[in-house]
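J.: Sending over input24.cif (mmCIF, C-alpha atoms and all ligand atoms).
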data_run
loop_
_atom_site.label_atom_id
_atom_site.label_comp_id
_atom_site.auth_asym_id
_atom_site.auth_seq_id
_atom_site.Cartn_x
_atom_site.Cartn_y
_atom_site.Cartn_z
CA MET R 10 100.02 135.85 128.86
CA SER R 11 98.90 134.38 132.16
CA ASP R 12 101.29 133.58 135.01
CA PRO R 13 103.65 130.81 133.74
CA THR R 14 103.63 129.06 137.09
CA TYR R 15 100.58 127.55 138.73
CA THR R 16 99.88 126.30 142.21
CA PRO R 17 97.18 123.62 142.01
CA PRO R 18 94.28 124.20 144.42
CA LYS R 19 93.37 121.47 146.93
CA VAL R 20 90.53 120.30 144.67
CA TRP R 21 90.49 120.83 140.91
CA LYS R 22 87.41 122.61 139.51
CA TRP R 23 86.31 122.53 135.89
CA ASP R 24 86.54 125.86 134.06
CA PRO R 25 84.54 125.35 130.83
CA ASN R 26 86.08 128.51 129.36
CA ASN R 27 89.73 127.55 129.73
CA GLY R 28 90.43 129.00 126.29
CA GLY R 29 91.92 125.90 124.66
CA LYS R 30 91.10 125.10 121.04
CA PHE R 31 88.76 122.29 122.06
CA SER R 32 87.36 123.86 125.22
CA ASN R 33 83.85 123.70 123.75
CA ILE R 34 83.95 119.87 123.58
CA ASN R 35 86.28 118.93 126.43
CA ARG R 36 84.50 117.80 129.60
CA PRO R 37 85.64 115.98 132.75
CA ILE R 38 82.62 113.66 132.57
CA ALA R 39 81.55 110.88 130.22
CA GLY R 40 78.13 109.94 128.87
CA PRO R 41 75.71 111.50 126.39
CA THR R 42 74.79 115.17 126.25
CA HIS R 43 71.74 114.72 124.01
CA GLU R 44 69.34 112.11 122.67
CA LYS R 45 69.93 111.18 119.03
CA GLU R 46 70.11 107.79 117.36
CA LEU R 47 72.76 107.01 114.75
CA PRO R 48 71.79 106.39 111.13
CA VAL R 49 72.18 102.83 109.82
CA GLY R 50 72.73 102.01 106.14
CA GLU R 51 72.44 98.80 104.17
CA HIS R 52 76.01 97.49 104.32
CA PRO R 53 77.49 94.97 106.81
CA PHE R 54 79.70 97.62 108.44
CA GLN R 55 78.56 100.96 109.78
CA LEU R 56 81.39 103.38 110.48
CA TYR R 57 80.89 106.58 112.48
CA SER R 58 83.96 108.72 112.02
CA LEU R 59 85.89 111.74 110.80
CA ALA R 60 89.08 111.83 108.67
CA THR R 61 91.49 112.62 111.50
CA PRO R 62 94.53 110.30 111.70
CA ASN R 63 92.61 107.92 113.97
CA GLY R 64 89.63 107.93 111.61
CA VAL R 65 91.77 107.38 108.51
CA LYS R 66 93.12 104.12 109.96
CA ALA R 67 89.64 102.56 109.75
CA THR R 68 88.69 103.86 106.31
CA VAL R 69 92.05 102.83 104.81
CA MET R 70 91.55 99.29 106.22
CA LEU R 71 88.02 99.01 104.84
CA GLU R 72 89.15 100.30 101.44
CA GLU R 73 92.14 97.91 101.45
CA LEU R 74 89.78 94.97 102.11
CA LEU R 75 87.51 96.07 99.26
CA GLU R 76 90.56 96.56 97.01
CA LYS R 77 91.40 92.91 97.71
CA GLY R 78 87.96 91.96 96.40
CA ILE R 79 86.43 91.19 99.83
CA LYS R 80 82.87 92.34 99.16
CA GLU R 81 81.74 91.40 102.68
CA ALA R 82 83.71 94.44 103.91
CA GLU R 83 81.28 96.89 102.26
CA TYR R 84 80.52 99.77 104.55
CA ASP R 85 78.56 102.93 105.14
CA ALA R 86 80.65 105.76 106.58
CA TRP R 87 78.76 108.44 108.48
CA LEU R 88 80.26 111.79 109.35
CA ILE R 89 80.73 112.59 113.05
CA ARG R 90 81.60 116.27 113.49
CA ILE R 91 83.52 116.17 116.77
CA THR R 92 83.82 119.96 117.02
CA GLU R 93 80.02 120.08 117.07
CA GLY R 94 79.72 117.40 119.75
CA ASP R 95 78.24 114.59 117.60
CA GLN R 96 80.32 112.08 119.61
CA PHE R 97 78.18 112.85 122.67
CA SER R 98 74.85 111.76 121.17
CA SER R 99 73.10 108.88 122.95
CA GLY R 100 73.46 106.77 119.78
CA PHE R 101 77.19 107.34 119.48
CA VAL R 102 77.82 106.67 123.17
CA LYS R 103 76.08 103.29 122.78
CA VAL R 104 78.65 102.35 120.11
CA ASN R 105 81.60 103.96 121.90
CA PRO R 106 81.17 104.86 125.60
CA ASN R 107 84.49 106.75 125.27
CA SER R 108 82.88 109.28 122.84
CA LYS R 109 85.75 109.29 120.34
CA ILE R 110 85.90 108.48 116.65
CA PRO R 111 86.30 106.03 114.99
CA ALA R 112 83.50 103.71 116.10
CA MET R 113 82.05 100.85 114.10
CA LEU R 114 79.17 98.35 114.11
CA ASP R 115 79.45 94.93 112.51
CA CYS R 116 75.86 94.34 111.43
CA SER R 117 76.69 91.12 109.57
CA VAL R 118 76.13 89.31 112.87
CA ASP R 119 73.07 89.29 115.08
CA PRO R 120 73.17 91.05 117.44
CA ALA R 121 75.53 93.56 115.86
CA ILE R 122 78.98 93.81 117.45
CA ARG R 123 80.27 97.24 118.43
CA VAL R 124 83.96 97.96 117.86
CA PHE R 125 85.71 101.06 119.19
CA GLU R 126 89.35 102.18 119.50
CA SER R 127 91.06 102.37 116.10
CA GLY R 128 93.51 99.57 116.99
CA SER R 129 90.65 97.29 117.95
CA ILE R 130 88.86 98.09 114.66
CA LEU R 131 91.99 97.24 112.65
CA PHE R 132 92.51 93.98 114.54
CA TYR R 133 88.83 93.01 114.36
CA LEU R 134 88.71 93.44 110.59
CA ALA R 135 92.11 91.78 110.07
CA GLU R 136 91.01 88.71 112.03
CA LYS R 137 87.56 88.56 110.49
CA PHE R 138 88.89 88.63 106.93
CA ASP R 139 92.31 87.03 107.52
CA ALA R 140 94.01 89.98 105.88
CA PHE R 141 96.89 92.38 106.59
CA LEU R 142 97.85 90.37 109.69
CA PRO R 143 100.35 87.60 108.89
CA ARG R 144 99.51 84.06 110.08
CA ASP R 145 103.12 83.20 110.88
CA PRO R 146 103.40 83.61 114.69
CA ALA R 147 106.61 85.66 114.61
CA LYS R 148 105.34 88.03 111.91
CA ARG R 149 101.91 88.26 113.52
CA THR R 150 103.43 89.16 116.87
CA GLU R 151 105.74 91.73 115.28
CA THR R 152 102.69 93.32 113.61
CA MET R 153 100.86 93.46 116.93
CA ASN R 154 103.97 94.86 118.64
CA TRP R 155 103.90 97.82 116.30
CA LEU R 156 100.12 98.20 116.42
CA PHE R 157 100.29 98.50 120.20
CA TRP R 158 103.37 100.75 119.88
CA GLN R 159 101.27 103.15 117.86
CA MET R 160 98.34 103.11 120.26
CA GLY R 161 100.68 103.86 123.15
CA SER R 162 102.84 106.42 121.34
CA ALA R 163 100.36 108.59 119.44
CA PRO R 164 98.93 110.26 122.56
CA PHE R 165 102.39 111.75 123.18
CA LEU R 166 102.38 113.05 119.61
CA GLY R 167 98.77 114.30 119.51
CA GLY R 168 97.75 115.02 123.08
CA GLY R 169 101.26 116.06 124.12
CA PHE R 170 103.34 117.59 121.33
CA GLY R 171 100.49 118.64 119.00
CA HIS R 172 98.48 120.11 121.81
CA PHE R 173 101.23 122.26 123.33
CA TYR R 174 103.02 123.16 120.06
CA ALA R 175 99.99 123.89 117.87
CA TYR R 176 96.79 124.19 119.88
CA ALA R 177 97.54 125.60 123.34
CA PRO R 178 96.52 129.27 123.51
CA GLU R 179 99.90 130.12 125.07
CA LYS R 180 103.26 128.51 124.25
CA TYR R 181 105.32 127.19 127.15
CA GLU R 182 108.84 125.91 126.74
CA TYR R 183 108.67 123.10 129.30
CA PRO R 184 105.87 120.98 127.76
CA ILE R 185 107.00 121.76 124.19
CA ASN R 186 110.54 120.61 125.02
CA ARG R 187 109.34 117.53 126.82
CA TYR R 188 107.07 116.33 124.02
CA THR R 189 109.40 117.37 121.19
CA MET R 190 112.08 115.20 122.74
CA GLU R 191 109.69 112.25 122.85
CA VAL R 192 108.30 112.74 119.34
CA LYS R 193 111.80 112.99 117.86
CA ARG R 194 112.72 109.82 119.73
CA GLN R 195 109.64 108.09 118.30
CA LEU R 196 110.52 109.24 114.77
CA ASP R 197 114.01 107.83 115.28
CA VAL R 198 112.54 104.51 116.44
CA LEU R 199 110.53 104.33 113.23
CA ASP R 200 113.43 105.50 111.08
CA ARG R 201 115.71 102.76 112.38
CA GLN R 202 113.03 100.11 111.92
CA LEU R 203 112.33 101.27 108.36
CA ALA R 204 116.04 101.33 107.50
CA ASP R 205 116.00 97.52 107.46
CA ASN R 206 112.38 96.85 106.55
CA GLN R 207 110.22 97.88 103.63
CA TYR R 208 107.19 98.09 105.89
CA ILE R 209 106.86 98.61 109.62
CA ALA R 210 106.58 94.96 110.62
CA GLY R 211 108.83 93.54 107.89
CA ASP R 212 108.33 92.79 104.23
CA GLU R 213 104.51 92.81 104.30
CA TYR R 214 102.13 95.75 104.41
CA THR R 215 100.01 95.19 107.54
CA ILE R 216 97.60 96.84 109.96
CA ALA R 217 100.71 98.23 111.71
CA ASP R 218 101.40 100.42 108.66
CA MET R 219 97.74 101.44 108.57
CA ALA R 220 97.91 102.51 112.21
CA ILE R 221 101.22 104.38 112.05
CA TRP R 222 101.06 106.03 108.63
CA PRO R 223 98.14 108.44 109.28
CA TRP R 224 100.00 109.93 112.26
CA TYR R 225 103.73 109.80 111.57
CA GLY R 226 103.39 109.99 107.77
CA ALA R 227 101.25 113.10 108.13
CA LEU R 228 103.76 114.57 110.57
CA VAL R 229 106.78 114.23 108.26
CA LYS R 230 104.74 115.61 105.33
CA ASN R 231 103.80 118.68 107.39
CA MET R 232 100.12 117.78 107.27
CA VAL R 233 99.57 117.93 111.03
CA TYR R 234 100.68 120.68 113.43
CA GLU R 235 102.87 122.48 110.80
CA ALA R 236 105.85 121.12 112.66
CA ALA R 237 107.95 119.44 109.96
CA GLU R 238 110.61 122.14 109.96
CA PHE R 239 110.66 122.40 113.76
CA LEU R 240 111.19 118.64 114.03
CA GLU R 241 113.60 118.48 111.05
CA ALA R 242 111.29 115.82 109.67
CA HIS R 243 113.23 115.51 106.39
CA THR R 244 116.15 113.95 108.30
CA TYR R 245 114.07 110.82 109.01
CA THR R 246 114.68 109.65 105.45
CA ASN R 247 113.40 106.10 105.89
CA VAL R 248 110.14 107.37 107.37
CA VAL R 249 109.77 109.74 104.41
CA ARG R 250 110.49 106.92 101.91
CA TRP R 251 107.88 104.66 103.53
CA THR R 252 105.34 107.49 103.83
CA ASP R 253 105.57 108.17 100.08
CA GLU R 254 105.29 104.48 99.24
CA VAL R 255 102.17 103.91 101.36
CA ALA R 256 100.56 107.11 100.03
CA LYS R 257 100.60 105.66 96.49
CA ARG R 258 98.27 102.77 97.37
CA PRO R 259 94.82 103.25 95.75
CA ALA R 260 93.01 102.21 98.94
CA VAL R 261 95.00 104.74 100.95
CA LYS R 262 94.13 107.49 98.46
CA ARG R 263 90.45 106.65 98.82
CA GLY R 264 90.50 105.99 102.57
CA ARG R 265 91.88 109.41 103.41
CA MET R 266 89.00 111.11 101.55
CA VAL R 267 86.24 109.39 103.51
CA ASN R 268 84.57 111.50 106.24
CA LYS R 269 86.84 114.42 105.34
CA ALA R 270 85.11 117.75 105.94
CA TRP R 271 87.90 120.27 105.39
CA GLY R 272 90.47 121.17 102.73
CA ASP R 273 90.17 120.75 98.96
CA LEU R 274 86.50 120.04 98.09
CA ALA R 275 87.56 117.44 95.49
CA PHE R 276 89.05 115.31 98.30
CA GLN R 277 86.13 115.61 100.70
CA LEU R 278 83.75 112.68 100.76
CA HIS R 279 81.58 113.45 103.76
CA GLU R 280 79.70 110.16 103.65
CA ARG R 281 80.57 106.99 101.82
CA HIS R 282 77.89 104.48 100.90
CA ASP R 283 79.09 103.11 97.58
CA ALA R 284 82.34 102.70 95.65
CA SER R 285 81.01 105.14 93.05
CA ASP R 286 80.80 107.90 95.67
CA PHE R 287 84.50 108.70 95.14
CA ASP R 288 83.70 109.72 91.56
CA LEU R 289 80.23 111.11 92.04
CA ARG R 290 79.75 112.49 95.53
CA THR R 291 82.82 114.49 96.55
CA GLN R 292 81.94 117.96 97.85
CA ASP R 293 83.12 119.78 94.70
CA LYS R 294 80.51 117.81 92.73
CA LEU R 295 77.77 118.08 95.36
CA GLU R 296 78.30 121.83 95.58
CA GLY R 297 78.49 122.21 91.79
CA LYS R 298 82.09 123.43 91.88
CA ALA R 299 83.77 120.56 90.02
N1 LIG B 301 92.63 105.88 121.22
C1 LIG B 301 91.54 106.32 120.40
C2 LIG B 301 91.66 107.79 120.19
C3 LIG B 301 90.52 108.34 119.38
C4 LIG B 301 90.50 109.86 119.39
O1 LIG B 301 91.23 110.50 120.15
N2 LIG B 301 89.63 110.44 118.57
C5 LIG B 301 89.51 111.88 118.53
C6 LIG B 301 89.69 112.39 117.11
S1 LIG B 301 91.27 111.95 116.46
C7 LIG B 301 88.11 112.27 118.98
O2 LIG B 301 87.15 111.63 118.64
N3 LIG B 301 88.00 113.35 119.75
C8 LIG B 301 86.75 113.85 120.21
C9 LIG B 301 86.77 114.20 121.66
O3 LIG B 301 87.82 114.06 122.30
O4 LIG B 301 85.73 114.63 122.16
C10 LIG B 301 91.59 105.57 119.06
O5 LIG B 301 92.70 105.29 118.60
O6 LIG B 301 90.52 105.26 118.49
#
Can you give me the file's structure in the form of structure tokens?

T.:
Amino acid sequence: MSDPTYTPPKVWKWDPNNGGKFSNINRPIAGPTHEKELPVGEHPFQLYSLATPNGVKATVMLEELLEKGIKEAEYDAWLIRITEGDQFSSGFVKVNPNSKIPAMLDCSVDPAIRVFESGSILFYLAEKFDAFLPRDPAKRTETMNWLFWQMGSAPFLGGGFGHFYAYAPEKYEYPINRYTMEVKRQLDVLDRQLADNQYIAGDEYTIADMAIWPWYGALVKNMVYEAAEFLEAHTYTNVVRWTDEVAKRPAVKRGRMVNKAWGDLAFQLHERHDASDFDLRTQDKLEGKA
């Protein structure tokens, strides 16, 4: 283990081999690393993503819109393998200069509109199709309160707690304590809200649920960071109740399969171009292992 204390030099220098789990893709500079255009399919929406919690927000929303019968929300979902640096292609950077999934193009308008940041994607689609975002000003604002809460809170969960508890090559008590405290506080915030409300923003399922569920639902079900026991996740009973309820929605079941490239082959749909892909093009079938 290296020295647990560190005296920062006068000027920080990038060490590309810092040993972290993502050291091969982390860089202190933005912009493309290579020239490659993105593929474009035939549907109005083109999604470039991966089934991480941030990616699942977008695919659940698109599947929820289709489940409602909104055919104009048809989409092509293309796989972006972030561990292989696909997010740094010139094509991807044009759609999201921040080089992070999910990123989306609305090709139903000319010129196409780019949408990046998962919260912006949820809001864009909710506004465009008048769905999952209540019209009533109080309910609409409450939904947006929680959507922004998620966008501000998740970096403490992922970049803070998840990074130091699960990914850092060495475990240090100070950052793990700091971020565990914050994540448990966040879980308690959600638990109290869900004690009095069926869904995050009240009695309606909204884009706030779609934003929060992939992160905090996965956390309490031990599906990210293997930290459920450490965090005593089962004690947040209202979060667990809500997580189970949301997981039963057909669109959620489909959305979490899209752009998934790990785990059970039967739940991996690398690319999605048609509703029938869920039955016909999961990896178990493509690889002849069904
Ligand atoms: N605030 C962004 C965060 C997106 C994000 O962090 N995406 C990660 C995957 S979950 C990513 O693309 N990482 C690739 C990288 O950092 O190079 C959002 O909500 O869309």

J.: Rank R:His243, R:Gly297, R:Pro37, R:Thr68 by their smallest atom-to-atom distance to R:Asn107, using all atoms listed in the file, and report the top residue only.

T.: R:Pro37

J.: Which residues are near ligand LIG 301 (chain B) in this structure, taking near to mean any atom at most 10 Å from a ligand atom and counting all atoms listed in the file? Format them as a count of residues only.

T.: 49

J.: Compile the contact shell of R:Leu274 as a ChimeraX atom specification: residues with an atom at most 10 Å away, counting all atoms listed in the file, same-chain residues fewer than 6 positions apart removed.

T.: /R:266,291-296,298-299

J.: Around all listed atoms of stretch 126-136 of chain R, padded 6 Å per side, what centre and edge lengths does the axis-aligned box have in Å to one decimal, as lines of an AutoDock Vina configuration file?

T.:
center_x = 91.1
center_y = 95.5
center_z = 114.8
size_x = 16.8
size_y = 25.7
size_z = 21.4

J.: What is the distance, in Å and to one decimal place, between atom CA of R:Ala284 and atom CA of R:Asp139?

T.: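 Atom-to-atom, atom CA of R:Ala284 and atom CA of R:Asp139 are spaced 22.0 Å apart.
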
J.: Under the rule that only C-alpha atoms are counted, which of R:Met190, R:Ser162, R:Arg281, R:Phe173 is the nearest residue to R:Glu51?

T.: R:Arg281

J.: Would you pick out the contacts of R:Lys137 at 12 Å or less, using only C-alpha atoms, so that residues sharing its chain but fewer than 2 positions from it are not included, and give the list as number ranges by chain?

T.: R: 71, 74, 79, 81-82, 115, 117-118, 129-135, 139-142

J.: Return the single residue from R:Lys103, R:His172, R:Arg201, R:Lys148 that is closest to R:Asn247, with distances computed using only C-alpha atoms.

T.: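 For R:Asn247, the nearest of the candidates is R:Arg201.
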
J.: Compute the distance from (104.6, 97.1, 119.0) to each atom, counting all atoms listed in the file, keep the residues with any atom at most 12 Å away, and return them as a VMD selection string; use the coordinates of the file.

T.: chain R and resid 128 148 to 162 198 to 199 202 209 to 210 216 to 218 220 to 221

J.: Which is closest to R:Trp87 among R:Asp288, R:Glu136, R:Glu179, R:Glu280, if we use all atoms listed in the file?

T.: R:Glu280

J.: What is the distance between atom CA of R:Leu228 and atom CA of R:Thr244, in Å to one decimal?

T.: 12.6 Å

J.: Let me make sure I understand: among R:Ala242, R:Tyr174, R:Ile185, R:Glu254, which one has the smallest atom-to-atom distance to R:Tyr208 if we use all atoms listed in the file?

T.: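 Going through R:Ala242, R:Tyr174, R:Ile185, R:Glu254 one by one, the smallest distance to R:Tyr208 is for R:Glu254.
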
J.: If you measure from atom CA of R:Trp222 to atom CA of R:His282, what distance in Å do you get, rounded to one decimal?

T.: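 Atom-to-atom, atom CA of R:Trp222 to atom CA of R:His282, that is 24.5 Å.
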
J.: Compile the contact shell of R:Gln207 as a count of residues only: residues with an atom at most 8 Å away, counting only C-alpha atoms, same-chain residues fewer than 5 positions apart removed.

T.: 3

J.: Between R:Glu83, R:Glu235, R:Glu46, R:Asp286, which one has atoms that come closest to R:Phe101, using all atoms listed in the file?

T.: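 Between R:Glu83, R:Glu235, R:Glu46, R:Asp286, the residue approaching R:Phe101 most closely is R:Glu46.
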
J.: R:Asp253: which residues within 12 Å, counting only C-alpha atoms, same-chain residues fewer than 4 positions away excluded, as number ranges by chain?

T.: R: 207-208, 222-223, 225-227, 229-230, 246-249, 257-258, 261-262
